[in-house]
$ cat start08.pdb   # PDB, C-alpha atoms and all ligand atoms
ATOM      1  CA  MET A   1       0.000   0.000   0.000
ATOM      2  CA  ARG A   2       1.191   3.512  -0.747
ATOM      3  CA  PRO A   3       2.383   5.219   2.467
ATOM      4  CA  GLN A   4      -0.016   7.903   3.680
ATOM      5  CA  VAL A   5       1.466  11.087   5.160
ATOM      6  CA  ILE A   6       0.082  14.305   6.633
ATOM      7  CA  THR A   7       1.314  17.875   6.653
ATOM      8  CA  ILE A   8      -0.083  20.095   9.416
ATOM      9  CA  ALA A   9       0.815  23.642   8.365
ATOM     10  CA  GLY A  10      -0.150  26.870   6.642
ATOM     11  CA  THR A  11      -0.929  27.333   2.962
ATOM     12  CA  ASP A  12       1.087  29.467   0.533
ATOM     13  CA  SER A  13      -1.091  30.891  -2.226
ATOM     14  CA  GLY A  14       2.113  31.350  -4.235
ATOM     15  CA  GLY A  15       2.615  27.576  -4.330
ATOM     16  CA  GLY A  16       6.292  27.472  -3.355
ATOM     17  CA  ALA A  17       6.185  26.896   0.413
ATOM     18  CA  GLY A  18       3.813  25.622   3.090
ATOM     19  CA  ILE A  19       1.177  22.991   2.374
ATOM     20  CA  GLN A  20       1.395  23.446  -1.385
ATOM     21  CA  ALA A  21       5.136  22.678  -1.375
ATOM     22  CA  ASP A  22       4.567  19.749   0.975
ATOM     23  CA  LEU A  23       1.877  18.118  -1.171
ATOM     24  CA  LYS A  24       3.868  18.622  -4.386
ATOM     25  CA  THR A  25       6.842  16.988  -2.710
ATOM     26  CA  PHE A  26       4.821  14.058  -1.358
ATOM     27  CA  GLU A  27       3.368  13.434  -4.805
ATOM     28  CA  GLU A  28       6.800  13.401  -6.462
ATOM     29  CA  ARG A  29       8.092  10.910  -3.888
ATOM     30  CA  ASN A  30       5.222   8.457  -4.349
ATOM     31  CA  VAL A  31       3.548   8.849  -0.995
ATOM     32  CA  PHE A  32      -0.099   9.783  -0.579
ATOM     33  CA  GLY A  33      -0.242  13.330   0.826
ATOM     34  CA  MET A  34      -2.942  14.724   3.108
ATOM     35  CA  SER A  35      -3.166  18.077   4.862
ATOM     36  CA  VAL A  36      -4.453  19.878   7.910
ATOM     37  CA  VAL A  37      -4.711  23.600   7.152
ATOM     38  CA  VAL A  38      -3.840  25.617  10.263
ATOM     39  CA  ALA A  39      -3.821  28.995   8.479
ATOM     40  CA  VAL A  40      -4.270  30.391   5.025
ATOM     41  CA  THR A  41      -1.660  32.882   3.886
ATOM     42  CA  ALA A  42      -1.917  35.395   1.084
ATOM     43  CA  GLN A  43       1.642  35.052  -0.138
ATOM     44  CA  ASN A  44       3.793  35.228  -3.248
ATOM     45  CA  THR A  45       7.486  35.235  -4.048
ATOM     46  CA  LYS A  46       7.731  38.855  -2.838
ATOM     47  CA  GLY A  47       6.433  38.202   0.676
ATOM     48  CA  VAL A  48       3.479  37.496   2.924
ATOM     49  CA  GLN A  49       0.555  39.858   2.427
ATOM     50  CA  GLY A  50      -1.907  38.288   4.881
ATOM     51  CA  VAL A  51      -2.260  35.520   7.492
ATOM     52  CA  TYR A  52      -5.707  34.058   8.217
ATOM     53  CA  PRO A  53      -5.702  31.492  11.038
ATOM     54  CA  MET A  54      -8.293  28.726  10.715
ATOM     55  CA  PRO A  55     -10.907  28.385  13.466
ATOM     56  CA  LEU A  56      -9.745  25.938  16.154
ATOM     57  CA  GLU A  57     -12.672  23.636  15.465
ATOM     58  CA  ALA A  58     -11.796  23.443  11.780
ATOM     59  CA  ILE A  59      -8.278  22.306  12.657
ATOM     60  CA  THR A  60      -9.494  19.700  15.135
ATOM     61  CA  ARG A  61     -12.097  18.386  12.693
ATOM     62  CA  GLN A  62      -9.529  17.955   9.912
ATOM     63  CA  MET A  63      -7.335  15.907  12.237
ATOM     64  CA  GLU A  64     -10.312  13.796  13.390
ATOM     65  CA  SER A  65     -11.280  13.089   9.782
ATOM     66  CA  LEU A  66      -7.785  11.871   8.949
ATOM     67  CA  ALA A  67      -7.441   9.786  12.116
ATOM     68  CA  ASP A  68     -10.823   8.200  11.490
ATOM     69  CA  ASP A  69      -9.930   6.828   8.073
ATOM     70  CA  PHE A  70      -6.264   6.592   7.164
ATOM     71  CA  THR A  71      -3.276   4.496   8.161
ATOM     72  CA  VAL A  72      -0.768   7.242   8.788
ATOM     73  CA  SER A  73       2.895   6.418   8.098
ATOM     74  CA  ALA A  74       4.458   9.784   9.018
ATOM     75  CA  VAL A  75       3.479  13.360   9.856
ATOM     76  CA  LYS A  76       5.168  16.748   9.534
ATOM     77  CA  THR A  77       4.308  20.102  11.019
ATOM     78  CA  GLY A  78       5.105  23.553   9.645
ATOM     79  CA  MET A  79       3.529  26.960  10.319
ATOM     80  CA  LEU A  80       1.327  26.597  13.419
ATOM     81  CA  VAL A  81       0.471  30.304  14.026
ATOM     82  CA  ASP A  82      -0.002  30.616  17.793
ATOM     83  CA  ALA A  83      -0.027  28.859  21.174
ATOM     84  CA  GLN A  84      -3.672  27.746  21.026
ATOM     85  CA  ARG A  85      -3.206  26.121  17.655
ATOM     86  CA  ILE A  86       0.056  24.480  18.712
ATOM     87  CA  GLU A  87      -1.766  23.045  21.758
ATOM     88  CA  ILE A  88      -4.544  21.424  19.741
ATOM     89  CA  VAL A  89      -2.070  19.979  17.250
ATOM     90  CA  VAL A  90       0.005  18.567  20.124
ATOM     91  CA  HIS A  91      -3.148  17.086  21.643
ATOM     92  CA  ALA A  92      -4.043  15.305  18.394
ATOM     93  CA  ILE A  93      -0.525  14.020  17.782
ATOM     94  CA  ARG A  94      -0.549  12.468  21.258
ATOM     95  CA  ARG A  95      -4.082  11.151  20.948
ATOM     96  CA  TYR A  96      -3.568   9.507  17.560
ATOM     97  CA  ASP A  97       0.052   8.585  18.254
ATOM     98  CA  TRP A  98       1.203  10.069  14.934
ATOM     99  CA  HIS A  99       4.838   9.050  14.466
ATOM    100  CA  PRO A 100       7.404   9.415  13.078
ATOM    101  CA  LEU A 101       6.857  13.142  13.556
ATOM    102  CA  VAL A 102       9.010  15.683  11.718
ATOM    103  CA  VAL A 103       8.715  19.174  13.212
ATOM    104  CA  ASP A 104       9.795  22.086  11.034
ATOM    105  CA  PRO A 105       9.752  24.846  13.662
ATOM    106  CA  VAL A 106       8.759  27.561  11.185
ATOM    107  CA  MET A 107       9.007  30.973  12.844
ATOM    108  CA  VAL A 108       9.726  33.763  10.363
ATOM    109  CA  ALA A 109       9.286  33.820   6.562
ATOM    110  CA  LYS A 110      12.341  34.755   4.469
ATOM    111  CA  GLY A 111      10.872  38.248   3.965
ATOM    112  CA  GLY A 112      10.637  38.769   7.747
ATOM    113  CA  ALA A 113       6.900  38.101   8.370
ATOM    114  CA  TYR A 114       6.105  36.193  11.564
ATOM    115  CA  LEU A 115       4.489  32.806  10.846
ATOM    116  CA  VAL A 116       4.143  31.970  14.522
ATOM    117  CA  ALA A 117       3.468  34.511  17.266
ATOM    118  CA  PRO A 118       6.726  35.187  19.167
ATOM    119  CA  GLU A 119       4.985  34.435  22.498
ATOM    120  CA  ALA A 120       4.010  30.958  21.151
ATOM    121  CA  ILE A 121       7.602  29.823  20.744
ATOM    122  CA  GLU A 122       7.689  28.829  24.411
ATOM    123  CA  THR A 123       4.715  26.497  23.813
ATOM    124  CA  LEU A 124       6.347  25.060  20.700
ATOM    125  CA  SER A 125       9.535  24.429  22.626
ATOM    126  CA  ARG A 126       7.900  22.963  25.733
ATOM    127  CA  LYS A 127       5.091  20.915  24.198
ATOM    128  CA  LEU A 128       5.777  20.114  20.539
ATOM    129  CA  LEU A 129       9.571  19.786  20.549
ATOM    130  CA  PRO A 130       9.534  16.798  22.969
ATOM    131  CA  LEU A 131       7.230  14.878  20.584
ATOM    132  CA  ALA A 132       9.539  15.376  17.600
ATOM    133  CA  ASP A 133      11.313  12.339  16.180
ATOM    134  CA  LEU A 134      13.190  14.908  14.095
ATOM    135  CA  ILE A 135      13.196  18.699  14.347
ATOM    136  CA  THR A 136      14.623  20.788  11.490
ATOM    137  CA  PRO A 137      15.470  24.321  12.667
ATOM    138  CA  ASN A 138      17.388  26.810  10.545
ATOM    139  CA  THR A 139      20.121  28.743  12.343
ATOM    140  CA  PRO A 140      17.950  31.543  13.831
ATOM    141  CA  GLU A 141      15.339  28.978  14.941
ATOM    142  CA  ALA A 142      18.052  26.812  16.528
ATOM    143  CA  GLU A 143      19.317  29.838  18.450
ATOM    144  CA  VAL A 144      15.836  30.448  19.848
ATOM    145  CA  LEU A 145      15.206  26.768  20.682
ATOM    146  CA  SER A 146      18.615  26.169  22.276
ATOM    147  CA  GLY A 147      19.096  29.566  23.906
ATOM    148  CA  LEU A 148      22.619  29.666  22.419
ATOM    149  CA  VAL A 149      24.250  32.069  19.985
ATOM    150  CA  ILE A 150      25.612  30.301  16.907
ATOM    151  CA  HIS A 151      28.803  31.394  15.124
ATOM    152  CA  SER A 152      30.890  28.289  14.519
ATOM    153  CA  ASP A 153      30.478  24.602  13.676
ATOM    154  CA  SER A 154      31.011  23.673  17.301
ATOM    155  CA  ASP A 155      28.254  26.147  18.281
ATOM    156  CA  ARG A 156      25.962  24.384  15.805
ATOM    157  CA  GLU A 157      26.663  20.972  17.222
ATOM    158  CA  LEU A 158      26.246  22.273  20.775
ATOM    159  CA  ALA A 159      22.928  23.936  19.924
ATOM    160  CA  ALA A 160      21.641  20.731  18.287
ATOM    161  CA  LYS A 161      22.670  18.719  21.357
ATOM    162  CA  GLN A 162      20.917  21.237  23.598
ATOM    163  CA  ILE A 163      17.712  20.786  21.552
ATOM    164  CA  ILE A 164      18.022  17.019  22.028
ATOM    165  CA  LYS A 165      18.333  17.615  25.782
ATOM    166  CA  ARG A 166      15.041  19.484  25.569
ATOM    167  CA  GLY A 167      13.385  16.338  24.228
ATOM    168  CA  ALA A 168      13.697  16.053  20.437
ATOM    169  CA  LYS A 169      14.985  12.637  19.340
ATOM    170  CA  ALA A 170      17.061  14.016  16.471
ATOM    171  CA  VAL A 171      17.950  17.433  15.063
ATOM    172  CA  LEU A 172      18.824  18.613  11.570
ATOM    173  CA  LEU A 173      20.265  22.094  12.019
ATOM    174  CA  LYS A 174      20.117  23.670   8.546
ATOM    175  CA  GLY A 175      22.887  25.916   7.343
ATOM    176  CA  GLY A 176      21.126  27.827   4.578
ATOM    177  CA  HIS A 177      21.514  31.046   6.558
ATOM    178  CA  ASP A 178      25.212  30.486   7.247
ATOM    179  CA  GLU A 179      26.560  33.443   5.283
ATOM    180  CA  ALA A 180      30.053  32.732   6.633
ATOM    181  CA  ASN A 181      30.282  29.787   4.258
ATOM    182  CA  PRO A 182      29.828  31.123   0.729
ATOM    183  CA  GLU A 183      30.687  27.860  -1.053
ATOM    184  CA  ARG A 184      28.975  25.111   0.904
ATOM    185  CA  ALA A 185      25.479  24.610   2.347
ATOM    186  CA  ARG A 186      26.211  22.527   5.449
ATOM    187  CA  ASP A 187      23.627  20.989   7.737
ATOM    188  CA  CYS A 188      24.385  19.386  11.086
ATOM    189  CA  PHE A 189      22.478  16.147  11.798
ATOM    190  CA  VAL A 190      22.605  15.070  15.412
ATOM    191  CA  THR A 191      21.052  12.073  17.164
ATOM    192  CA  LYS A 192      21.687  10.780  20.679
ATOM    193  CA  LYS A 193      24.393   8.529  19.202
ATOM    194  CA  ARG A 194      26.161  10.568  16.554
ATOM    195  CA  THR A 195      26.798  13.810  14.694
ATOM    196  CA  VAL A 196      26.955  13.860  10.898
ATOM    197  CA  TRP A 197      27.662  16.878   8.697
ATOM    198  CA  LEU A 198      25.777  16.925   5.409
ATOM    199  CA  GLU A 199      27.285  19.129   2.757
ATOM    200  CA  ALA A 200      26.350  20.347  -0.686
ATOM    201  CA  ASP A 201      27.501  23.107  -3.008
ATOM    202  CA  ARG A 202      25.897  26.421  -2.130
ATOM    203  CA  ILE A 203      23.945  27.576  -5.147
ATOM    204  CA  HIS A 204      24.135  31.273  -5.865
ATOM    205  CA  THR A 205      20.487  32.023  -6.417
ATOM    206  CA  PRO A 206      17.782  34.177  -4.827
ATOM    207  CA  HIS A 207      15.275  31.377  -5.472
ATOM    208  CA  THR A 208      15.135  29.573  -2.125
ATOM    209  CA  HIS A 209      11.489  30.134  -1.198
ATOM    210  CA  GLY A 210      10.181  26.977   0.446
ATOM    211  CA  THR A 211      13.502  25.160   0.797
ATOM    212  CA  GLY A 212      12.870  24.341   4.464
ATOM    213  CA  CYS A 213       9.312  23.114   3.815
ATOM    214  CA  THR A 214      10.452  21.007   0.878
ATOM    215  CA  LEU A 215      13.364  19.484   2.796
ATOM    216  CA  SER A 216      11.213  18.436   5.760
ATOM    217  CA  SER A 217       8.570  16.990   3.396
ATOM    218  CA  LEU A 218      11.219  15.016   1.535
ATOM    219  CA  ILE A 219      12.485  13.553   4.794
ATOM    220  CA  THR A 220       8.919  12.727   5.904
ATOM    221  CA  ALA A 221       8.193  10.952   2.609
ATOM    222  CA  GLU A 222      11.418   8.940   2.608
ATOM    223  CA  TRP A 223      10.934   7.962   6.250
ATOM    224  CA  ALA A 224       7.314   6.932   5.596
ATOM    225  CA  LYS A 225       8.556   4.515   2.934
ATOM    226  CA  GLY A 226      10.578   2.641   5.546
ATOM    227  CA  ASN A 227      14.032   4.118   5.004
ATOM    228  CA  ASP A 228      16.023   4.829   8.153
ATOM    229  CA  LEU A 229      16.227   8.432   9.308
ATOM    230  CA  GLU A 230      19.835   9.087   8.288
ATOM    231  CA  THR A 231      19.242   7.688   4.795
ATOM    232  CA  SER A 232      16.069   9.770   4.516
ATOM    233  CA  VAL A 233      17.916  12.948   5.499
ATOM    234  CA  ARG A 234      20.778  12.266   3.062
ATOM    235  CA  THR A 235      18.414  11.546   0.167
ATOM    236  CA  ALA A 236      16.372  14.654   0.989
ATOM    237  CA  LYS A 237      19.432  16.920   1.011
ATOM    238  CA  GLU A 238      20.666  15.589  -2.354
ATOM    239  CA  LEU A 239      17.282  15.975  -3.999
ATOM    240  CA  LEU A 240      16.726  19.471  -2.607
ATOM    241  CA  THR A 241      20.121  20.685  -3.823
ATOM    242  CA  ARG A 242      19.218  19.607  -7.352
ATOM    243  CA  ALA A 243      15.832  21.351  -7.116
ATOM    244  CA  ILE A 244      17.483  24.600  -5.922
ATOM    245  CA  ALA A 245      20.139  24.405  -8.658
ATOM    246  CA  GLN A 246      17.444  24.241 -11.329
ATOM    247  CA  ALA A 247      14.979  26.614  -9.692
ATOM    248  CA  PRO A 248      12.723  28.163 -12.312
ATOM    249  CA  GLU A 249      12.429  31.922 -12.576
ATOM    250  CA  ILE A 250       8.840  32.103 -11.366
ATOM    251  CA  GLY A 251       7.470  35.308  -9.821
ATOM    252  CA  HIS A 252       9.317  38.574  -9.240
ATOM    253  CA  GLY A 253      10.885  37.875  -5.848
ATOM    254  CA  HIS A 254      12.427  34.823  -4.180
ATOM    255  CA  GLY A 255      11.115  32.080  -6.432
ATOM    256  CA  PRO A 256      10.290  28.452  -5.628
ATOM    257  CA  VAL A 257      12.466  25.399  -6.197
ATOM    258  CA  ALA A 258      11.850  22.913  -9.023
ATOM    259  CA  HIS A 259       9.583  20.449  -7.245
ATOM    260  CA  TRP A 260       9.160  18.364 -10.423
ATOM    261  CA  LEU A 261      12.847  17.395 -10.253
ATOM    262  CA  LEU A 262      12.197  15.543  -6.999
ATOM    263  CA  ARG A 263      10.389  12.796  -8.916
ATOM    264  CA  GLU A 264      11.034   9.218  -7.883
ATOM    265  CA  ASP A 265      10.716   6.936 -10.849
ATOM    266  CA  ASP A 266       8.768   3.922  -9.667
ATOM    267  CA  GLY A 267       8.596   2.573 -13.200
ATOM    268  CA  LYS A 268       4.895   3.415 -13.378
ATOM    269  CA  ASN A 269       5.318   6.810 -15.017
ATOM    270  CA  GLU A 270       6.321   5.571 -18.457
TER     271      GLU A 270
HETATM  272  N1  LIG A 301      21.745  28.646  -1.693
HETATM  273  C1  LIG A 301      21.652  27.370  -1.301
HETATM  274  N2  LIG A 301      22.315  26.395  -1.970
HETATM  275  C2  LIG A 301      22.230  25.097  -1.574
HETATM  276  N3  LIG A 301      21.519  24.692  -0.520
HETATM  277  C3  LIG A 301      20.832  25.615   0.193
HETATM  278  C4  LIG A 301      20.850  27.001  -0.156
HETATM  279  N4  LIG A 301      20.058  27.685   0.725
HETATM  280  C5  LIG A 301      19.572  26.762   1.562
HETATM  281  N5  LIG A 301      20.040  25.521   1.271
HETATM  282  C6  LIG A 301      19.710  24.267   1.942
HETATM  283  O1  LIG A 301      18.282  24.202   1.973
HETATM  284  C7  LIG A 301      17.839  23.617   3.194
HETATM  285  C8  LIG A 301      16.957  24.618   3.929
HETATM  286  O2  LIG A 301      17.815  25.527   4.541
HETATM  287  P1  LIG A 301      17.501  26.904   5.241
HETATM  288  O3  LIG A 301      17.427  27.956   4.194
HETATM  289  O4  LIG A 301      18.534  27.077   6.291
HETATM  290  O5  LIG A 301      16.097  26.634   5.895
HETATM  291  P2  LIG A 301      14.780  27.506   5.959
HETATM  292  O6  LIG A 301      14.184  27.477   4.588
HETATM  293  O7  LIG A 301      13.963  26.794   6.981
HETATM  294  O8  LIG A 301      15.183  28.878   6.396
HETATM  295  C9  LIG A 301      19.126  23.218   3.935
HETATM  296  O9  LIG A 301      19.459  21.882   3.599
HETATM  297  C10 LIG A 301      20.165  24.187   3.385
HETATM  298  O10 LIG A 301      21.477  23.725   3.513
HETATM  299  C1  LIG A 302       2.775  28.885   4.882
HETATM  300  C2  LIG A 302       4.258  28.966   4.958
HETATM  301  N1  LIG A 302       4.930  28.057   5.681
HETATM  302  C3  LIG A 302       6.280  28.128   5.758
HETATM  303  C4  LIG A 302       6.995  29.116   5.122
HETATM  304  C5  LIG A 302       8.486  29.190   5.270
HETATM  305  O1  LIG A 302       9.116  28.972   4.063
HETATM  306  P1  LIG A 302      10.648  28.542   3.926
HETATM  307  O2  LIG A 302      10.626  27.055   3.706
HETATM  308  O3  LIG A 302      11.149  29.276   2.749
HETATM  309  O4  LIG A 302      11.343  28.914   5.190
HETATM  310  C6  LIG A 302       6.268  30.054   4.369
HETATM  311  N2  LIG A 302       6.898  31.050   3.723
HETATM  312  N3  LIG A 302       4.896  29.958   4.309
END
$ encode --input "start08.pdb" --output "structure tokens" --more "lines below"
Ligand SMILES: Nc1ncnc2c1ncn2[C@@H]1O[C@H](COP(=O)(O)OP(=O)(O)O)[C@@H](O)[C@H]1O
Ligand SMILES: Cc1ncc(COP(=O)(O)O)c(N)n1
Amino acid sequence: MRPQVITIAGTDSGGGAGIQADLKTFEERNVFGMSVVVAVTAQNTKGVQGVYPMPLEAITRQMESLADDFTVSAVKTGMLVDAQRIEIVVHAIRRYDWHPLVVDPVMVAKGGAYLVAPEAIETLSRKLLPLADLITPNTPEAEVLSGLVIHSDSDRELAAKQIIKRGAKAVLLKGGHDEANPERARDCFVTKKRTVWLEADRIHTPHTHGTGCTLSSLITAEWAKGNDLETSVRTAKELLTRAIAQAPEIGHGHGPVAHWLLREDDGKNE
């Protein structure tokens, strides 16, 4: 049976990030994608023009509908808006025992708009982080979640280990924002047992809208298919790098990546 996976996140009308990016990615990786819309955003490649949180009942009902019918192989979370919405998502994840759980602790969009209320970060850290089988912060998010300032590789590893101490089972600390390294995009993957650095060429492009969403969806899809976590993370990083390298020039701002290059050929497409 095709693995069935859920994204619990916000939409991006511009199609490059959020739920739209997640579902495109799931489709390309041959898993069946479902969604729980936590907020609708009016958004394009230039920025976020509006955020419209869904009523709490609508979020709960979507999760009930999915739990009532599907055999869920993996779940990811993205933009969760505020503390109340984080709480009901946490409640459902516990109630339905949705694992493996990949938490992308989305905080601020690349243009600077807040995608989660700053006062909700405490709730995310205290209640959602401990449920995460993998959490995928970028550097600023890792600083907030670990309480440490990150400058060097050893700071990165220390911050990831601190986040594990706070309850996450594994951490992928993404280095997309690491301006100090102009040639390589390096991510630090840390579990209780080991630290692995994942490296790729840094692509000189403004078109990185939705890279974090796409990466966490790739990992979720690969994990749902029964690959181990480290293999899933490695595959995801390789695929994403290719999709950034061939990003189309869509929109007038920070464009999306080439989701269609993520395609897994299962021999059924010919
Ligand atoms: N210019 C780039 N070239 C290659 N890889 C990149 C580039 N920018 C980001 N990445 C990679 O994309 C993924 C998402 O990174 P990042 O931008 O840090 O996350 P977010 O989108 O959550 O802010 C990471 O694997 C990172 O290394
Ligand atoms: C609805 C939504 N969720 C997440 C992001 C973050 O995008 P990125 O992956 O570029 O950090 C976004 N811009 N919009």
$ closest_atom_pairs --input "start08.pdb" --of "chain A" --to "ligand LIG 302 (chain A)" --cutoff "7 Å" --atoms "all atoms listed in the file" --output "CSV"
residue,atom,partner,partner_atom,distance
A:Ala9,CA,A:LIG302,C1,6.6
A:Gly10,CA,A:LIG302,C1,4.0
A:Thr11,CA,A:LIG302,C1,4.5
A:Asp12,CA,A:LIG302,C1,4.7
A:Ala17,CA,A:LIG302,C6,5.1
A:Gly18,CA,A:LIG302,N1,3.7
A:Ile19,CA,A:LIG302,C1,6.6
A:Thr41,CA,A:LIG302,C1,6.1
A:Gly78,CA,A:LIG302,N1,6.0
A:Met79,CA,A:LIG302,N1,5.0
A:Val106,CA,A:LIG302,C3,6.0
A:Val108,CA,A:LIG302,C5,7.0
A:Ala109,CA,A:LIG302,N2,4.6
A:Lys110,CA,A:LIG302,O3,5.9
A:Thr208,CA,A:LIG302,O3,6.3
A:His209,CA,A:LIG302,O3,4.1
A:Gly210,CA,A:LIG302,O2,3.3
A:Thr211,CA,A:LIG302,O2,4.5
A:Gly212,CA,A:LIG302,O2,3.6
A:Cys213,CA,A:LIG302,O2,4.2
A:Thr214,CA,A:LIG302,O2,6.7
$ residues_near_ligand --input "start08.pdb" --ligand "ligand LIG 301 (chain A)" --cutoff "8 Å" --atoms "all atoms listed in the file" --output "number ranges by chain"
A: 104, 106, 109-110, 136-139, 173-178, 184-187, 199-213, 215, 237, 240-241, 244-245
$ write_last_selection --input "start08.pdb" --atoms "C-alpha atoms" --output "mmCIF file, keeping the file's coordinate frame"
data_model
loop_
_atom_site.group_PDB
_atom_site.id
_atom_site.type_symbol
_atom_site.label_atom_id
_atom_site.label_comp_id
_atom_site.auth_asym_id
_atom_site.auth_seq_id
_atom_site.Cartn_x
_atom_site.Cartn_y
_atom_site.Cartn_z
ATOM 1 C CA ASP A 104 9.795 22.086 11.034
ATOM 2 C CA VAL A 106 8.759 27.561 11.185
ATOM 3 C CA ALA A 109 9.286 33.820 6.562
ATOM 4 C CA LYS A 110 12.341 34.755 4.469
ATOM 5 C CA THR A 136 14.623 20.788 11.490
ATOM 6 C CA PRO A 137 15.470 24.321 12.667
ATOM 7 C CA ASN A 138 17.388 26.810 10.545
ATOM 8 C CA THR A 139 20.121 28.743 12.343
ATOM 9 C CA LEU A 173 20.265 22.094 12.019
ATOM 10 C CA LYS A 174 20.117 23.670 8.546
ATOM 11 C CA GLY A 175 22.887 25.916 7.343
ATOM 12 C CA GLY A 176 21.126 27.827 4.578
ATOM 13 C CA HIS A 177 21.514 31.046 6.558
ATOM 14 C CA ASP A 178 25.212 30.486 7.247
ATOM 15 C CA ARG A 184 28.975 25.111 0.904
ATOM 16 C CA ALA A 185 25.479 24.610 2.347
ATOM 17 C CA ARG A 186 26.211 22.527 5.449
ATOM 18 C CA ASP A 187 23.627 20.989 7.737
ATOM 19 C CA GLU A 199 27.285 19.129 2.757
ATOM 20 C CA ALA A 200 26.350 20.347 -0.686
ATOM 21 C CA ASP A 201 27.501 23.107 -3.008
ATOM 22 C CA ARG A 202 25.897 26.421 -2.130
ATOM 23 C CA ILE A 203 23.945 27.576 -5.147
ATOM 24 C CA HIS A 204 24.135 31.273 -5.865
ATOM 25 C CA THR A 205 20.487 32.023 -6.417
ATOM 26 C CA PRO A 206 17.782 34.177 -4.827
ATOM 27 C CA HIS A 207 15.275 31.377 -5.472
ATOM 28 C CA THR A 208 15.135 29.573 -2.125
ATOM 29 C CA HIS A 209 11.489 30.134 -1.198
ATOM 30 C CA GLY A 210 10.181 26.977 0.446
ATOM 31 C CA THR A 211 13.502 25.160 0.797
ATOM 32 C CA GLY A 212 12.870 24.341 4.464
ATOM 33 C CA CYS A 213 9.312 23.114 3.815
ATOM 34 C CA LEU A 215 13.364 19.484 2.796
ATOM 35 C CA LYS A 237 19.432 16.920 1.011
ATOM 36 C CA LEU A 240 16.726 19.471 -2.607
ATOM 37 C CA THR A 241 20.121 20.685 -3.823
ATOM 38 C CA ILE A 244 17.483 24.600 -5.922
ATOM 39 C CA ALA A 245 20.139 24.405 -8.658
#
$ atom_distance --input "start08.pdb" --atom1 "atom CA of A:Lys127" --atom2 "atom CA of A:Thr235"
29.0 Å
$ resolve_selection --input "start08.pdb" --expression "the PyMOL selection byres (((chain A and resi 61) around 12) and not hetatm)" --output "MDAnalysis selection string"
chainID A and resid 35:38 54:60 62:68 88:89 92
$ resolve_selection --input "start08.pdb" --expression "the PyMOL selection byres (((chain A and resi 162) around 12) and not hetatm)" --output "ChimeraX atom specification"
/A:125,129,142-149,155-161,163-171,173,190-192
$ atom_distance --input "start08.pdb" --atom1 "atom CA of A:Gln20" --atom2 "atom CA of A:Leu128"
22.6 Å
$ residues_around --input "start08.pdb" --residues "A:Pro248" --least-positions-apart "4" --cutoff "10 Å" --atoms "only C-alpha atoms" --output "ChimeraX atom specification"
/A:207,243-244,255-259
$ atom_distance --input "start08.pdb" --atom1 "atom CA of A:Glu179" --atom2 "atom CA of A:His252"
23.1 Å
$ resolve_selection --input "start08.pdb" --expression "the PyMOL selection byres (((chain A and resi 120) around 12) and not hetatm)" --output "number ranges by chain"
A: 79-87, 105-107, 114-119, 121-128, 144-145
$ write_last_selection --input "start08.pdb" --atoms "C-alpha atoms" --output "PDB file, in the coordinates of the input"
ATOM      1  CA  MET A  79       3.529  26.960  10.319  1.00  0.00           C
ATOM      2  CA  LEU A  80       1.327  26.597  13.419  1.00  0.00           C
ATOM      3  CA  VAL A  81       0.471  30.304  14.026  1.00  0.00           C
ATOM      4  CA  ASP A  82      -0.002  30.616  17.793  1.00  0.00           C
ATOM      5  CA  ALA A  83      -0.027  28.859  21.174  1.00  0.00           C
ATOM      6  CA  GLN A  84      -3.672  27.746  21.026  1.00  0.00           C
ATOM      7  CA  ARG A  85      -3.206  26.121  17.655  1.00  0.00           C
ATOM      8  CA  ILE A  86       0.056  24.480  18.712  1.00  0.00           C
ATOM      9  CA  GLU A  87      -1.766  23.045  21.758  1.00  0.00           C
ATOM     10  CA  PRO A 105       9.752  24.846  13.662  1.00  0.00           C
ATOM     11  CA  VAL A 106       8.759  27.561  11.185  1.00  0.00           C
ATOM     12  CA  MET A 107       9.007  30.973  12.844  1.00  0.00           C
ATOM     13  CA  TYR A 114       6.105  36.193  11.564  1.00  0.00           C
ATOM     14  CA  LEU A 115       4.489  32.806  10.846  1.00  0.00           C
ATOM     15  CA  VAL A 116       4.143  31.970  14.522  1.00  0.00           C
ATOM     16  CA  ALA A 117       3.468  34.511  17.266  1.00  0.00           C
ATOM     17  CA  PRO A 118       6.726  35.187  19.167  1.00  0.00           C
ATOM     18  CA  GLU A 119       4.985  34.435  22.498  1.00  0.00           C
ATOM     19  CA  ILE A 121       7.602  29.823  20.744  1.00  0.00           C
ATOM     20  CA  GLU A 122       7.689  28.829  24.411  1.00  0.00           C
ATOM     21  CA  THR A 123       4.715  26.497  23.813  1.00  0.00           C
ATOM     22  CA  LEU A 124       6.347  25.060  20.700  1.00  0.00           C
ATOM     23  CA  SER A 125       9.535  24.429  22.626  1.00  0.00           C
ATOM     24  CA  ARG A 126       7.900  22.963  25.733  1.00  0.00           C
ATOM     25  CA  LYS A 127       5.091  20.915  24.198  1.00  0.00           C
ATOM     26  CA  LEU A 128       5.777  20.114  20.539  1.00  0.00           C
ATOM     27  CA  VAL A 144      15.836  30.448  19.848  1.00  0.00           C
ATOM     28  CA  LEU A 145      15.206  26.768  20.682  1.00  0.00           C
TER      29      LEU A 145
END
$ closest_atom_pairs --input "start08.pdb" --of "stretch 7-60 of chain A" --to "stretch 225-234 of chain A" --cutoff "10 Å" --atoms "only C-alpha atoms" --output "JSON lines"
{"residue": "A:Arg29", "atom": "CA", "partner": "A:Lys225", "partner_atom": "CA", "distance": 9.4}
{"residue": "A:Asn30", "atom": "CA", "partner": "A:Lys225", "partner_atom": "CA", "distance": 8.9}
{"residue": "A:Val31", "atom": "CA", "partner": "A:Lys225", "partner_atom": "CA", "distance": 7.7}
$ residues_near_point --input "start08.pdb" --point "(-0.1, 35.6, -2.9)" --cutoff "6 Å" --atoms "all atoms listed in the file" --output "number ranges by chain"
A: 13-14, 42-44
$ write_last_selection --input "start08.pdb" --atoms "C-alpha atoms" --output "compact mmCIF listing (two decimals), in the frame of the given file"
# COMPACT_ATOMS: atom_id res chain seq x y z
CA SER A 13 -1.09 30.89 -2.23
CA GLY A 14 2.11 31.35 -4.24
CA ALA A 42 -1.92 35.40 1.08
CA GLN A 43 1.64 35.05 -0.14
CA ASN A 44 3.79 35.23 -3.25
